[in-house]
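Engineer: File name run.cif; file contents mmCIF, C-alpha atoms; full text below.
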```
data_final
#
loop_
_atom_site.label_atom_id
_atom_site.label_comp_id
_atom_site.auth_asym_id
_atom_site.auth_seq_id
_atom_site.Cartn_x
_atom_site.Cartn_y
_atom_site.Cartn_z
CA MET A 8 4.86 -18.21 9.26
CA SER A 9 6.95 -20.37 6.91
CA GLU A 10 9.47 -18.85 4.57
CA VAL A 11 8.97 -18.81 0.82
CA LEU A 12 12.26 -18.72 -1.07
CA VAL A 13 12.39 -16.52 -4.18
CA LEU A 14 15.41 -16.80 -6.46
CA VAL A 15 16.31 -13.27 -7.53
CA ASP A 16 16.63 -12.78 -11.28
CA HIS A 17 18.96 -9.84 -11.83
CA VAL A 18 21.69 -8.34 -13.97
CA ASP A 19 24.52 -6.98 -11.81
CA GLY A 20 22.11 -6.08 -9.01
CA SER A 21 19.33 -4.69 -11.21
CA VAL A 22 16.30 -6.72 -10.15
CA SER A 23 13.96 -7.89 -12.92
CA LYS A 24 10.24 -7.12 -12.89
CA PRO A 25 9.32 -10.84 -12.77
CA THR A 26 11.21 -11.09 -9.47
CA THR A 27 9.00 -8.38 -7.96
CA GLU A 28 6.00 -10.36 -9.21
CA LEU A 29 7.31 -13.47 -7.44
CA LEU A 30 7.73 -11.55 -4.19
CA THR A 31 4.11 -10.39 -4.50
CA ILE A 32 2.97 -13.98 -5.04
CA ALA A 33 5.17 -15.24 -2.20
CA ARG A 34 3.26 -13.08 0.29
CA ARG A 35 0.17 -15.16 -0.42
CA LEU A 36 2.00 -18.29 0.68
CA GLY A 37 4.11 -17.18 3.61
CA GLU A 38 7.04 -14.91 4.43
CA PRO A 39 9.06 -13.93 1.33
CA SER A 40 12.81 -14.54 1.52
CA ALA A 41 14.89 -13.43 -1.45
CA VAL A 42 17.90 -15.51 -2.49
CA PHE A 43 20.52 -13.28 -4.12
CA ILE A 44 23.35 -14.94 -6.03
CA GLY A 45 25.93 -12.79 -7.78
CA GLY A 46 27.45 -9.33 -7.50
CA ASN A 47 26.11 -5.96 -6.38
CA ALA A 48 23.70 -7.13 -3.70
CA ASP A 49 23.55 -3.63 -2.19
CA ALA A 50 21.89 -2.29 -5.35
CA ALA A 51 19.22 -4.98 -5.20
CA GLY A 52 18.53 -4.76 -1.47
CA GLU A 53 16.29 -1.70 -1.51
CA VAL A 54 14.15 -3.02 -4.36
CA LEU A 55 13.73 -6.42 -2.72
CA LYS A 56 12.82 -4.80 0.58
CA LYS A 57 10.33 -2.46 -1.13
CA PHE A 58 8.47 -5.42 -2.59
CA GLY A 59 8.15 -7.30 0.66
CA ALA A 60 11.28 -9.37 1.18
CA GLU A 61 11.45 -10.03 4.92
CA LYS A 62 14.86 -11.65 4.59
CA ILE A 63 17.57 -11.48 1.93
CA TYR A 64 20.03 -14.35 1.70
CA ILE A 65 23.26 -13.07 0.13
CA VAL A 66 25.04 -16.13 -1.19
CA SER A 67 28.79 -16.46 -1.51
CA ALA A 68 31.22 -19.29 -2.14
CA ALA A 69 34.95 -19.74 -1.64
CA ASP A 70 35.28 -18.50 -5.22
CA ASP A 71 32.24 -16.53 -6.43
CA SER A 72 33.30 -16.96 -10.06
CA VAL A 73 31.67 -20.39 -9.81
CA PHE A 74 28.32 -18.63 -10.29
CA THR A 75 29.39 -16.82 -13.46
CA ASP A 76 31.81 -19.28 -15.05
CA TYR A 77 29.55 -22.34 -14.96
CA LEU A 78 26.02 -23.16 -16.04
CA VAL A 79 23.02 -23.53 -13.73
CA ALA A 80 24.19 -26.44 -11.56
CA PRO A 81 25.88 -24.29 -8.88
CA LYS A 82 22.72 -22.24 -8.38
CA ALA A 83 20.67 -25.41 -8.00
CA GLU A 84 23.08 -26.57 -5.29
CA VAL A 85 22.72 -23.21 -3.50
CA LEU A 86 18.95 -23.56 -3.38
CA ALA A 87 19.17 -27.19 -2.30
CA GLN A 88 21.33 -26.20 0.67
CA LEU A 89 18.94 -23.38 1.60
CA VAL A 90 15.92 -25.69 1.33
CA GLU A 91 17.58 -28.10 3.73
CA LYS A 92 18.41 -25.25 6.10
CA THR A 93 15.12 -23.32 6.09
CA GLN A 94 12.48 -25.97 5.23
CA PRO A 95 10.47 -23.40 3.22
CA ALA A 96 6.79 -23.55 2.32
CA ALA A 97 7.75 -23.24 -1.36
CA VAL A 98 10.49 -22.14 -3.75
CA LEU A 99 9.55 -19.72 -6.55
CA LEU A 100 11.58 -19.07 -9.70
CA VAL A 101 11.00 -17.11 -12.89
CA SER A 102 9.90 -19.33 -15.79
CA GLY A 103 12.56 -19.18 -18.46
CA GLY A 104 15.35 -21.32 -19.80
CA GLU A 105 17.57 -20.92 -16.76
CA GLY A 106 14.83 -20.81 -14.14
CA LYS A 107 13.22 -24.04 -15.30
CA GLU A 108 16.51 -25.90 -15.51
CA ILE A 109 17.47 -24.80 -12.00
CA ALA A 110 14.01 -25.83 -10.78
CA GLY A 111 14.30 -29.28 -12.37
CA ARG A 112 17.71 -29.91 -10.83
CA LEU A 113 16.48 -28.64 -7.45
CA ALA A 114 13.47 -30.98 -7.55
CA VAL A 115 15.76 -33.95 -8.08
CA LYS A 116 18.18 -32.88 -5.33
CA THR A 117 15.42 -32.36 -2.77
CA ASP A 118 13.16 -35.22 -3.90
CA SER A 119 10.34 -32.73 -4.40
CA GLY A 120 7.47 -32.08 -6.78
CA LEU A 121 7.88 -29.51 -9.54
CA ILE A 122 5.37 -27.33 -11.39
CA THR A 123 6.53 -25.19 -14.33
CA ASP A 124 4.99 -22.28 -16.23
CA ALA A 125 2.34 -21.42 -13.66
CA VAL A 126 0.21 -18.39 -14.52
CA ASP A 127 -1.21 -18.08 -11.02
CA VAL A 128 -0.30 -19.33 -7.55
CA THR A 129 -2.65 -19.20 -4.58
CA GLU A 130 -2.57 -20.37 -0.98
CA GLY A 131 -1.75 -24.03 -0.66
CA PRO A 132 0.21 -23.48 -2.82
CA THR A 133 -2.13 -24.30 -5.68
CA THR A 134 -1.12 -23.36 -9.21
CA THR A 135 -2.92 -22.63 -12.45
CA GLN A 136 -1.34 -23.67 -15.75
CA SER A 137 -2.25 -23.60 -19.43
CA VAL A 138 -1.24 -26.98 -20.86
CA PHE A 139 -1.39 -29.14 -24.01
CA ALA A 140 -0.77 -26.21 -26.37
CA GLY A 141 -3.20 -24.05 -24.42
CA ASN A 142 -6.17 -26.39 -24.86
CA TYR A 143 -6.63 -26.99 -21.13
CA THR A 144 -6.38 -24.92 -17.99
CA VAL A 145 -5.48 -27.02 -14.97
CA THR A 146 -4.97 -26.50 -11.28
CA ALA A 147 -2.23 -28.49 -9.60
CA LYS A 148 -0.57 -28.96 -6.25
CA VAL A 149 2.73 -30.53 -5.26
CA THR A 150 2.17 -33.56 -3.03
CA LYS A 151 5.76 -34.52 -2.23
CA GLY A 152 8.59 -32.59 -0.61
CA THR A 153 8.95 -28.83 -1.02
CA PRO A 154 6.76 -27.26 -3.74
CA ILE A 155 9.08 -25.93 -6.44
CA ILE A 156 7.25 -23.63 -8.85
CA THR A 157 8.32 -21.59 -11.86
CA VAL A 158 5.98 -18.72 -12.72
CA LYS A 159 5.56 -17.02 -16.08
CA PRO A 160 6.33 -13.27 -16.21
CA ASN A 161 3.25 -11.01 -16.08
CA SER A 162 1.33 -13.51 -13.95
CA ALA A 163 0.89 -10.97 -11.14
CA THR A 164 0.96 -7.22 -10.69
CA PRO A 165 3.92 -6.24 -8.49
CA GLU A 166 2.68 -4.68 -5.24
CA GLU A 167 4.92 -2.59 -3.06
CA THR A 168 4.78 -3.63 0.59
CA ALA A 169 7.76 -2.81 2.77
CA GLY A 170 9.52 -5.84 4.16
CA ALA A 171 12.13 -5.99 6.89
CA GLY A 172 14.82 -6.77 4.34
CA ALA A 173 17.07 -8.34 6.98
CA THR A 174 20.22 -9.60 5.28
CA GLU A 175 21.95 -12.86 6.06
CA ASN A 176 25.23 -13.86 4.49
CA VAL A 177 25.26 -17.51 3.48
CA GLU A 178 28.42 -19.29 2.43
CA VAL A 179 27.85 -22.43 0.41
CA THR A 180 30.01 -25.25 -0.84
CA ILE A 181 29.77 -26.11 -4.53
CA SER A 182 30.63 -29.64 -5.57
CA GLU A 183 33.01 -30.54 -8.39
CA GLY A 184 30.10 -32.21 -10.16
CA ALA A 185 28.38 -28.86 -10.52
CA LYS A 186 31.37 -27.58 -12.47
CA SER A 187 31.08 -30.04 -15.32
CA ALA A 188 29.71 -27.49 -17.82
CA ARG A 189 31.79 -24.33 -18.12
CA ILE A 190 30.89 -21.17 -20.02
CA ILE A 191 33.71 -20.48 -22.47
CA SER A 192 32.35 -17.29 -24.03
CA SER A 193 29.38 -14.95 -23.82
CA LYS A 194 28.31 -11.62 -25.21
CA PRO A 195 25.60 -9.19 -24.13
CA ARG A 196 22.40 -9.03 -26.14
CA GLU A 197 22.26 -6.05 -28.47
CA ALA A 198 20.05 -3.35 -26.99
CA SER A 199 16.97 -2.59 -29.09
CA GLY A 200 15.43 0.00 -26.81
CA ARG A 201 12.38 -2.26 -26.45
CA PRO A 202 11.39 -4.34 -23.41
CA ASP A 203 12.35 -8.00 -23.18
CA LEU A 204 9.88 -10.16 -25.11
CA THR A 205 9.03 -12.52 -22.26
CA GLU A 206 8.64 -9.73 -19.70
CA ALA A 207 6.84 -7.06 -21.73
CA ALA A 208 3.37 -5.93 -20.74
CA ILE A 209 2.52 -5.42 -24.43
CA VAL A 210 3.71 -7.54 -27.36
CA VAL A 211 3.13 -6.86 -31.05
CA SER A 212 3.92 -9.83 -33.30
CA GLY A 213 4.12 -10.15 -37.05
CA GLY A 214 3.66 -13.20 -39.23
CA ARG A 215 3.47 -14.36 -42.81
CA GLY A 216 1.13 -11.48 -43.61
CA THR A 217 3.95 -8.97 -43.19
CA GLY A 218 5.52 -10.26 -46.39
CA GLY A 219 8.87 -9.71 -44.73
CA ASN A 220 8.25 -6.02 -43.99
CA PHE A 221 8.25 -5.69 -40.19
CA GLU A 222 8.44 -1.90 -40.21
CA PRO A 223 4.70 -1.37 -39.50
CA VAL A 224 4.91 -3.91 -36.67
CA GLU A 225 7.97 -2.24 -35.14
CA GLN A 226 6.55 1.27 -35.45
CA PHE A 227 3.28 0.28 -33.80
CA ALA A 228 5.17 -1.54 -31.05
CA ASP A 229 7.35 1.52 -30.42
CA SER A 230 4.29 3.78 -30.18
CA LEU A 231 2.99 1.54 -27.36
CA GLY A 232 6.34 0.88 -25.69
CA ALA A 233 5.90 -2.76 -26.60
CA ALA A 234 8.14 -5.70 -27.45
CA VAL A 235 8.20 -7.18 -30.94
CA GLY A 236 7.55 -10.86 -31.62
CA ALA A 237 7.30 -13.03 -34.71
CA SER A 238 5.56 -16.20 -35.79
CA ARG A 239 7.40 -19.34 -36.84
CA ALA A 240 6.52 -18.67 -40.48
CA ALA A 241 8.19 -15.25 -40.32
CA VAL A 242 11.25 -16.64 -38.56
CA ASP A 243 11.60 -19.62 -40.92
CA SER A 244 11.42 -17.23 -43.85
CA GLY A 245 14.36 -15.30 -42.44
CA TRP A 246 12.36 -12.13 -41.91
CA TYR A 247 13.04 -11.85 -38.18
CA PRO A 248 15.57 -13.43 -35.77
CA HIS A 249 14.67 -16.73 -34.13
CA SER A 250 15.14 -15.20 -30.67
CA PHE A 251 11.89 -13.27 -31.23
CA GLN A 252 9.77 -16.28 -32.15
CA VAL A 253 6.59 -16.73 -30.13
CA GLY A 254 5.16 -20.24 -30.04
CA GLN A 255 5.58 -23.81 -28.93
CA THR A 256 9.13 -24.00 -30.34
CA GLY A 257 9.90 -20.38 -29.46
CA LYS A 258 9.15 -18.22 -26.47
CA THR A 259 6.02 -18.27 -24.34
CA VAL A 260 4.60 -14.87 -23.47
CA SER A 261 1.75 -13.78 -21.24
CA PRO A 262 1.44 -10.00 -21.60
CA GLN A 263 -1.45 -7.75 -20.68
CA LEU A 264 -1.98 -7.07 -24.40
CA TYR A 265 -0.95 -9.22 -27.36
CA VAL A 266 -1.40 -7.92 -30.91
CA ALA A 267 -1.02 -10.48 -33.71
CA ALA A 268 -0.57 -8.92 -37.14
CA GLY A 269 -0.73 -11.16 -40.20
CA ILE A 270 -0.67 -14.35 -38.12
CA SER A 271 -3.17 -17.07 -39.03
CA GLY A 272 -3.15 -18.65 -35.59
CA ALA A 273 -1.79 -22.16 -36.00
CA ILE A 274 -1.84 -24.19 -32.79
CA GLN A 275 1.96 -23.91 -32.57
CA HIS A 276 1.71 -20.13 -32.26
CA ARG A 277 -1.32 -20.17 -29.99
CA ALA A 278 0.57 -22.33 -27.50
CA GLY A 279 3.03 -19.47 -26.98
CA MET A 280 0.58 -16.60 -26.40
CA GLN A 281 -2.80 -18.03 -25.42
CA THR A 282 -2.51 -16.95 -21.77
CA SER A 283 -2.23 -13.27 -22.77
CA LYS A 284 -4.80 -11.19 -20.90
CA THR A 285 -6.19 -9.36 -23.98
CA ILE A 286 -5.60 -10.55 -27.55
CA VAL A 287 -6.07 -8.51 -30.73
CA ALA A 288 -5.70 -9.98 -34.23
CA ILE A 289 -5.28 -8.17 -37.55
CA ASN A 290 -5.67 -10.34 -40.64
CA LYS A 291 -7.05 -10.02 -44.19
CA ASP A 292 -8.56 -13.49 -43.92
CA GLU A 293 -11.73 -13.34 -41.87
CA GLU A 294 -11.58 -17.15 -41.56
CA ALA A 295 -8.14 -17.11 -39.87
CA PRO A 296 -8.19 -19.56 -36.91
CA LEU A 297 -6.83 -16.91 -34.53
CA PHE A 298 -10.10 -14.99 -34.73
CA GLU A 299 -11.69 -17.80 -32.71
CA LEU A 300 -9.43 -16.94 -29.77
CA VAL A 301 -9.19 -13.16 -29.76
CA ASP A 302 -10.92 -10.51 -27.69
CA PHE A 303 -10.86 -8.05 -30.61
CA GLY A 304 -10.39 -8.76 -34.30
CA VAL A 305 -9.70 -6.48 -37.26
CA VAL A 306 -10.27 -7.81 -40.77
CA GLY A 307 -7.90 -5.80 -42.91
CA ASP A 308 -4.42 -5.39 -44.33
CA LEU A 309 -1.90 -4.88 -41.53
CA HIS A 310 0.10 -2.53 -43.81
CA ALA A 311 -2.87 -0.16 -43.71
CA VAL A 312 -4.24 -0.90 -40.24
CA LEU A 313 -1.01 -0.66 -38.23
CA PRO A 314 0.20 2.72 -39.62
CA ALA A 315 -3.26 4.18 -38.94
CA ALA A 316 -3.23 2.75 -35.42
CA THR A 317 0.29 4.09 -34.85
CA GLU A 318 -0.78 7.59 -35.84
CA ALA A 319 -3.84 7.35 -33.59
CA VAL A 320 -1.72 6.30 -30.61
CA LYS A 321 0.76 9.13 -31.22
CA LYS A 322 -2.08 11.64 -31.50
CA ARG A 323 -3.59 10.41 -28.21
CA LYS A 324 -0.22 10.87 -26.55
CA GLY A 325 -0.18 14.46 -27.77
#
```
Could I get this structure in the form of structure tokens?
Structural biologist:
Amino acid sequence: MSEVLVLVDHVDGSVSKPTTELLTIARRLGEPSAVFIGGNADAAGEVLKKFGAEKIYIVSAADDSVFTDYLVAPKAEVLAQLVEKTQPAAVLLVSGGEGKEIAGRLAVKTDSGLITDAVDVTEGPTTTQSVFAGNYTVTAKVTKGTPIITVKPNSATPEETAGAGATENVEVTISEGAKSARIISSKPREASGRPDLTEAAIVVSGGRGTGGNFEPVEQFADSLGAAVGASRAAVDSGWYPHSFQVGQTGKTVSPQLYVAAGISGAIQHRAGMQTSKTIVAINKDEEAPLFELVDFGVVGDLHAVLPAATEAVKKRKG
């Protein structure tokens, strides 16, 4: 059975949920092999093994700071060298800013086809995507080289299946060309206590209808253990940080549940959340375009509806 390479997304050995989803998907295509770049591989090993990694490539270089001091080019070179060595059935990466840039560089280096933002991957591998601002759902398949696929978070339910977890140390050589963009400063994101927007199973977003008061949105999100998002109108008005914008020019999310409060549903916003599994809209305007898309709609003032819903959720929790 051919290997399927999965680039591990982690923070100091703490494996992200989307990586466990990729390992689950990889089992449909072949034998999952995790590619771990960075420190604290021991902490990640048990998680990767628990979710089916048959092999774990632990990558090192003459100077491992090359993976932290420079942008994505060194990681793309790592994967290119592993693709040449293993001839995998596919390479899977998490869809995100870094994952898609690595994937693009890898496709060029290996002269391979690339598919981004897949919401499903089946044997073949054949992918499903939502394209053209969510107006079309397409299936696609790479026809040249090694299929390189980035997959949106929440596209699969992680399934625990013990893998062999055999480790193999791989030393790679990073070219000088890959060191042309150096990171000169960085700072950790401030902790909000809420899940990451792109990875959350539930997202509650607020728009123009909030009038700048996101407190009902945040309180409802916290009652559900959800992430908070915002529409472009809310962000442009300065009511919420740009890093929380959902839409074509913001972040793309695909949670199990998406709640849109006070958002009319312009095509720009729909493009960022249309692949959500269940969509709920709350809006005073019963003609709001988003009502055409939703599974459940509430015509009402979010400042009345959300506090009532928050209390109901808290009461259910006891």
Engineer: Between A:Asp229, A:Glu175, A:Glu28, A:Glu318, which is the closest to Val15 in chain A once you count only C-alpha atoms?
Structural biologist: A:Glu28
Engineer: Kindly indicate which residue among A:Ala50, A:Val126, A:Ala273, A:Leu36 lies nearest to Ser21 in chain A, using all atoms listed in the file for the distances.
Structural biologist: A:Ala50
Engineer: Hey, could you make a per-residue contact list for range 68-100 of chain A against range 147-158 of chain A with 7 Å as the cut-off, showing the nearest pair of atoms and its distance in Å to one decimal, counting only C-alpha atoms, sorted by chain and number, as JSON lines?
Structural biologist:
```
{"residue": "A:Ala96", "atom": "CA", "partner": "A:Thr153", "partner_atom": "CA", "distance": 6.6}
{"residue": "A:Ala97", "atom": "CA", "partner": "A:Pro154", "partner_atom": "CA", "distance": 4.8}
{"residue": "A:Val98", "atom": "CA", "partner": "A:Ile155", "partner_atom": "CA", "distance": 4.9}
{"residue": "A:Leu99", "atom": "CA", "partner": "A:Ile156", "partner_atom": "CA", "distance": 5.1}
{"residue": "A:Leu100", "atom": "CA", "partner": "A:Thr157", "partner_atom": "CA", "distance": 4.7}
```
Engineer: Suppose a student applies the PyMOL selection byres ((chain A and resi 298-310) around 10) to this structure; what residues should they get, written as JSON, numbers by chain?
Structural biologist: {"A": [213, 216, 217, 218, 220, 221, 222, 223, 224, 265, 266, 267, 268, 269, 271, 272, 277, 281, 283, 284, 285, 286, 287, 288, 289, 290, 291, 292, 293, 294, 295, 296, 297, 311, 312, 313, 314, 315, 316]}
Engineer: Any chance you could resolve the PyMOL selection byres ((chain A and resi 186) around 9) against this file and give the residues as a PyMOL selection string?
Structural biologist: chain A and resi 73+76-78+80-81+181-185+187-189
Engineer: Can I get the selected residues back with C-alpha atoms, as a PDB file, in the coordinates of the input?
Structural biologist:
```
ATOM      1  CA  VAL A  73      31.670 -20.390  -9.810  1.00  0.00           C
ATOM      2  CA  ASP A  76      31.810 -19.280 -15.050  1.00  0.00           C
ATOM      3  CA  TYR A  77      29.550 -22.340 -14.960  1.00  0.00           C
ATOM      4  CA  LEU A  78      26.020 -23.160 -16.040  1.00  0.00           C
ATOM      5  CA  ALA A  80      24.190 -26.440 -11.560  1.00  0.00           C
ATOM      6  CA  PRO A  81      25.880 -24.290  -8.880  1.00  0.00           C
ATOM      7  CA  ILE A 181      29.770 -26.110  -4.530  1.00  0.00           C
ATOM      8  CA  SER A 182      30.630 -29.640  -5.570  1.00  0.00           C
ATOM      9  CA  GLU A 183      33.010 -30.540  -8.390  1.00  0.00           C
ATOM     10  CA  GLY A 184      30.100 -32.210 -10.160  1.00  0.00           C
ATOM     11  CA  ALA A 185      28.380 -28.860 -10.520  1.00  0.00           C
ATOM     12  CA  SER A 187      31.080 -30.040 -15.320  1.00  0.00           C
ATOM     13  CA  ALA A 188      29.710 -27.490 -17.820  1.00  0.00           C
ATOM     14  CA  ARG A 189      31.790 -24.330 -18.120  1.00  0.00           C
TER      15      ARG A 189
END
```
Engineer: Identify which of the residues A:Thr133, A:Gln88, A:Gln94, A:Thr31 lies closest to Ala163 in chain A, counting only C-alpha atoms when measuring atom-to-atom distances.
Structural biologist: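 Of the candidates, the smallest distance to Ala163 in chain A is held by A:Thr31.
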Engineer: Ranking A:Gly170, A:Pro195, A:Pro95, A:Gly232 by minimum distance to Glu53 in chain A and counting all atoms listed in the file, which one comes first?
Structural biologist: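 Ranking A:Gly170, A:Pro195, A:Pro95, A:Gly232 by distance to Glu53 in chain A, first place goes to A:Gly170.
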Engineer: Given the point (3.4, -2.7, -3.2) in the coordinates of this file, which residues lie within 9 Å, counting all atoms listed in the file, and how would they look as a PDB file with C-alpha atoms, in the coordinates of the input?
Structural biologist:
```
ATOM      1  CA  THR A  31       4.110 -10.390  -4.500  1.00  0.00           C
ATOM      2  CA  LYS A  57      10.330  -2.460  -1.130  1.00  0.00           C
ATOM      3  CA  PHE A  58       8.470  -5.420  -2.590  1.00  0.00           C
ATOM      4  CA  GLY A  59       8.150  -7.300   0.660  1.00  0.00           C
ATOM      5  CA  PRO A 165       3.920  -6.240  -8.490  1.00  0.00           C
ATOM      6  CA  GLU A 166       2.680  -4.680  -5.240  1.00  0.00           C
ATOM      7  CA  GLU A 167       4.920  -2.590  -3.060  1.00  0.00           C
ATOM      8  CA  THR A 168       4.780  -3.630   0.590  1.00  0.00           C
ATOM      9  CA  ALA A 169       7.760  -2.810   2.770  1.00  0.00           C
TER      10      ALA A 169
END
```
Engineer: Find the residues around Lys258 in chain A up to 10 Å (all atoms listed in the file counted), leave out those fewer than 2 positions away in its own chain, and share them as a ChimeraX atom specification.
Structural biologist: /A:103-104,204-205,236-237,249-256,260,276,278-280
Engineer: Report the residues retrieved by the PyMOL selection byres ((chain A and resi 134-139) around 9) from the displayed file, expressed as a ChimeraX atom specification.
Structural biologist: /A:122-133,140-148,156,278,281-282
Engineer: So that I can see what lies close to Asp16 in chain A, please list as a VMD selection string the residues with an atom at most 9 Å from it, counting all atoms listed in the file and leaving out residues fewer than 5 positions away in the same chain.
Structural biologist: chain A and resid 21 to 26 43 to 44 100 to 101 106
Engineer: What does the structure give for the distance between CA of Ile190 in chain A and CA of Asn47 in chain A, in Å to one decimal?
Structural biologist: 21.0 Å
Engineer: Any chance you could work out the axis-aligned box around range 55-72 of chain A, listed atoms only, 3 Å on each side, giving centre and edge lengths in Å to one decimal, as lines of an AutoDock Vina configuration file?
Structural biologist:
```
center_x = 21.7
center_y = -11.1
center_z = -2.6
size_x = 33.1
size_y = 23.3
size_z = 21.0
```
Engineer: Pick out the residues sitting within 6 Å of Gly37 in chain A, and hand them over as an MDAnalysis selection string; count all atoms listed in the file, and ignore anything fewer than 6 positions along from it in its own chain.
Structural biologist: chainID A and resid 8:11
Engineer: Could you check which of A:Ala173, A:Leu264, A:Val54, A:Ala240 is closest to Ala207 in chain A, using all atoms listed in the file?
Structural biologist: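 Nearest to Ala207 in chain A: A:Leu264.
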Engineer: Could you check how far CA of Pro262 in chain A sits from CA of Gly45 in chain A, in Å to one decimal?
Structural biologist: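 Computed distance, CA of Pro262 in chain A to CA of Gly45 in chain A, equals 28.3 Å.
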Engineer: For each of A:Ser102, A:Gly172, A:Lys82, A:Ser192, take the minimum atom-to-atom distance to Ala60 in chain A, counting only C-alpha atoms, then give the residue where this is smallest.
Structural biologist: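 The shortest atom-to-atom distance to Ala60 in chain A comes from A:Gly172.
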